[in-house]
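K.L.:
One structure, pasted below without further comment.
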Amino acid sequence: MRDLSAETRIGLEALGLRIGRNGGTLLDVPRLVFDGPGPTLILGPNGAGKSLLLRCLHGLIKPDAGQVRQDGAPLGPAQKARQAMVFQQPVLLRRSVAGNLDFVLRRRGMVRATRKDRIAALLAEGGLSDKARQSARSLSGGEAQRLAILRALATEPDILFLDEPTSALDPAATLAIERMVLRASAQGVRIVMVSHDIGQARRLAADAAMMQGGRVVEHGPASEVLETPKSEAARRYLAGGLIL
Amino acid sequence: MLLILQGDAELWAIVLLSLRVSLMAVLISAVIGMPLGAALAVSRFPGRRGVIVLVNALMGLPPVVVGLLVYLMLSRSGPLGVLQLLYTPTAMIIAQVVLVTPIVAALTRQVIEMLAEEYSEQLRSLGVSRLASVPTLLWDARLALVTALLAGFGRAIAEVGAVIIVGGNINHVTRVMTTTIALETSRGNLALALALGAILIGIAVAVNALVSAVSLRAEHEGLTHA
């Protein structure tokens, strides 16, 4: 289905990542490689370290040990500039909907006329054209998250991280977000998304990573991880998920 | 009341001078206090906690003491005596700036620190460094900052101790509403004192109404944290 060739996408690699607190281990990822073509979903129960891993990959948290490599190079400002992240709770600037996009485009040095066109195109893509002048903080949860994704895409990232972007949304809003994610993926953006929704993983993921206790217990093609999991942890999690 | 209605020239000159001095003082305090408060909110250095406590404490400076200190600075034998600013509106502005700047800085620090916490990861994700985030934070906190400035204005316009010391309450030169009220009351000229008192209260009410209107709008648009 999603047969975009892998070489159009930037590869991402985590090596020996470790974060500990008070003698315990919060994150312990010896080696994790994202080089497949489609969206990657990171699954696991609360406290498994999914969000922590995502923040390490994005450079928001510096691990105690290990490193992240992007396209073969260690994560630095140039690499981070090619990444974007969408948070569980969208953090929108206290400006208009268009103003939130303009903020990012202006930072990228785009001239006013070009910005205007780009904003219009982005808003149309997210179905927010009629809300351009409205205060971003007055959007509904689903609209706010759509705007957060548009703002992330406005940076034209090679890699887009999403941290449970739909966990607070209803099915219709979730579907709209998933469509945007798939569209971005089809355009060549590497998607790395944290979720605890197994149905969502089935709908989106080309490959899936299962986390538990700060470790990646399983990573492979989504069909294998989700349908015929090898690890006991993944089997338990999927079983629990199916009952839900 | 008749004085107000008749548009007594002397009375309005006093009111205008009061407004001019206090608005100027608030403007200068904003230029100094807002970047200072914002920088304090986002920066991390040893002793930062202490500086915050100090700025917060300066909010409660006794006006009379500020008046005395500014007087000593500006008096003929003081370090700034050559400027010959004592007993001028400029001296009154300086005294009010000293009183209002800590208020603006402390309230700005509070507002910006909360906002910075909320924005922190998002701005870092977008590649905005801590210090580069200050203009963004100031702009996004604009409505809360207007409230801070109005609070500063309220303090400046109602203040009497400092301006009477450094201004000298000279007729037609440095006589403002509060100092006139103090003087005319002691002289038994209650009509003028009452008229000015009514205007001063009117300004206080207007400023407060403005503050609540602004915060109501802020809340409505989801611009505040509450």
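Identifiers in this document derive from the order of the structure tokens: chains are assigned A, B, ..., residues are numbered from 1 separately in each chain, and ligands are numbered from 1 in order of occurrence.
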If we count only C-alpha atoms and set the cut-off at 10 Å, which residues sit around B:Leu19, ignoring sequence neighbours fewer than 6 positions away in its own chain? Please answer as number ranges by chain.
P.N.:
B: 13, 25, 153, 156-157, 176-177, 203
K.L.:
Would you kindly report the residues of chain B within 12 Å of chain A, using only C-alpha atoms, as an NGL selection string?
P.N.:
:B and (115-129 or 132-133 or 135-144 or 217-225)
K.L.:
Which polymer residues have any atom within 6 Å of an atom of stretch 219-233 of chain A, counting only C-alpha atoms, with same-chain residues fewer than 2 positions away left out, as a list in words?
P.N.:
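Selected residues are Ala205, Ala206, Asp207, Ala208, Ala209, Arg235 and Arg236 of chain A.
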K.L.:
Using N, CA and C atoms, can you write the selected residues to a file as a PDB file, in the first residue's frame?
P.N.:
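Okay, again15.pdb is ready:
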```
ATOM      1  N   ALA A 205       0.267   2.494  10.973  1.00  0.00           N
ATOM      2  CA  ALA A 205       1.675   2.129  11.075  1.00  0.00           C
ATOM      3  C   ALA A 205       2.151   1.225   9.955  1.00  0.00           C
ATOM      4  N   ALA A 206       3.339   1.529   9.431  1.00  0.00           N
ATOM      5  CA  ALA A 206       4.053   0.576   8.582  1.00  0.00           C
ATOM      6  C   ALA A 206       4.940  -0.280   9.476  1.00  0.00           C
ATOM      7  N   ASP A 207       5.578   0.390  10.436  1.00  0.00           N
ATOM      8  CA  ASP A 207       6.307  -0.381  11.438  1.00  0.00           C
ATOM      9  C   ASP A 207       5.918   0.108  12.827  1.00  0.00           C
ATOM     10  N   ALA A 208       6.061  -0.769  13.789  1.00  0.00           N
ATOM     11  CA  ALA A 208       5.631  -0.448  15.144  1.00  0.00           C
ATOM     12  C   ALA A 208       6.694  -0.875  16.142  1.00  0.00           C
ATOM     13  N   ALA A 209       6.851  -0.065  17.185  1.00  0.00           N
ATOM     14  CA  ALA A 209       7.761  -0.405  18.277  1.00  0.00           C
ATOM     15  C   ALA A 209       6.939  -0.505  19.545  1.00  0.00           C
ATOM     16  N   ARG A 235       2.274  -9.082  23.743  1.00  0.00           N
ATOM     17  CA  ARG A 235       1.054  -9.919  23.729  1.00  0.00           C
ATOM     18  C   ARG A 235       0.071  -9.453  24.789  1.00  0.00           C
ATOM     19  N   ARG A 236       0.622  -9.202  26.005  1.00  0.00           N
ATOM     20  CA  ARG A 236      -0.244  -8.737  27.093  1.00  0.00           C
ATOM     21  C   ARG A 236      -0.891  -7.405  26.760  1.00  0.00           C
TER      22      ARG A 236
END
```
K.L.:
Compile the contact shell of B:Val97 as a ChimeraX atom specification: residues with an atom at most 9 Å away, counting only C-alpha atoms, same-chain residues fewer than 5 positions apart removed.
P.N.:
/B:22,24-29,92,102,156
K.L.:
What separation in Å, quoted to one decimal, exists between atom CA of A:Leu75 and atom CA of A:Ile10?
P.N.:
12.7 Å
K.L.:
Could you check how far atom CA of A:Ser129 sits from atom CA of A:Asp102, in Å to one decimal?
P.N.:
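If I compute the distance from atom CA of A:Ser129 to atom CA of A:Asp102, I get 14.1 Å.
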K.L.:
Write out as a ChimeraX atom specification which residues come within 10 Å of A:Met193 when counting only C-alpha atoms, dropping same-chain ones fewer than 6 positions away.
P.N.:
/A:39-43,50-51,54,85-86,160-165,181,201,204-205,208
K.L.:
Only C-alpha atoms, please: the residues just picked out, written as a compact mmCIF listing (two decimals), in the first residue's frame.
P.N.:
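Output file result.txt is given in full below:
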```txt
# COMPACT_ATOMS: atom_id res chain seq x y z
CA PRO A 39 4.78 5.87 9.60
CA THR A 40 6.37 4.43 12.71
CA LEU A 41 4.16 4.03 15.75
CA ILE A 42 5.56 3.67 19.24
CA LEU A 43 3.15 1.82 21.49
CA LYS A 50 7.43 6.53 24.87
CA SER A 51 7.28 10.30 25.30
CA LEU A 54 10.44 10.92 21.48
CA MET A 85 7.11 17.94 16.92
CA VAL A 86 3.43 17.96 17.80
CA LEU A 160 7.65 14.77 12.23
CA PHE A 161 7.27 13.53 15.80
CA LEU A 162 3.80 13.28 17.25
CA ASP A 163 3.22 12.58 20.94
CA GLU A 164 -0.24 11.05 21.35
CA PRO A 165 -1.81 13.82 19.26
CA VAL A 181 -0.47 12.39 9.16
CA ALA A 201 -1.53 1.72 15.02
CA LEU A 204 -1.44 4.09 10.32
CA ALA A 205 1.68 2.13 11.07
CA ALA A 208 5.63 -0.45 15.14
```
K.L.:
Tell me, as a list in words, which residues lie within 7 Å of A:Gly126, counting only C-alpha atoms; anything in the same chain fewer than 4 positions away does not count.
P.N.:
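Residues near the query, excluding close chain neighbours: Leu122, Arg146 and Leu150 of chain A.
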K.L.:
If you keep C-alpha atoms, can you produce a file of those selected residues as a compact mmCIF listing (two decimals), in the first residue's frame?
P.N.:
```
# COMPACT_ATOMS: atom_id res chain seq x y z
CA LEU A 122 -1.77 25.38 4.86
CA ARG A 146 -4.84 20.37 13.38
CA LEU A 150 -0.03 22.57 10.21
```
K.L.:
Find the spatial neighbours of A:Asp28, counting only C-alpha atoms, within a cut-off of 9 Å - ignore same-chain residues fewer than 4 positions away - and output them as number ranges by chain.
P.N.:
A: 16-20, 213-216
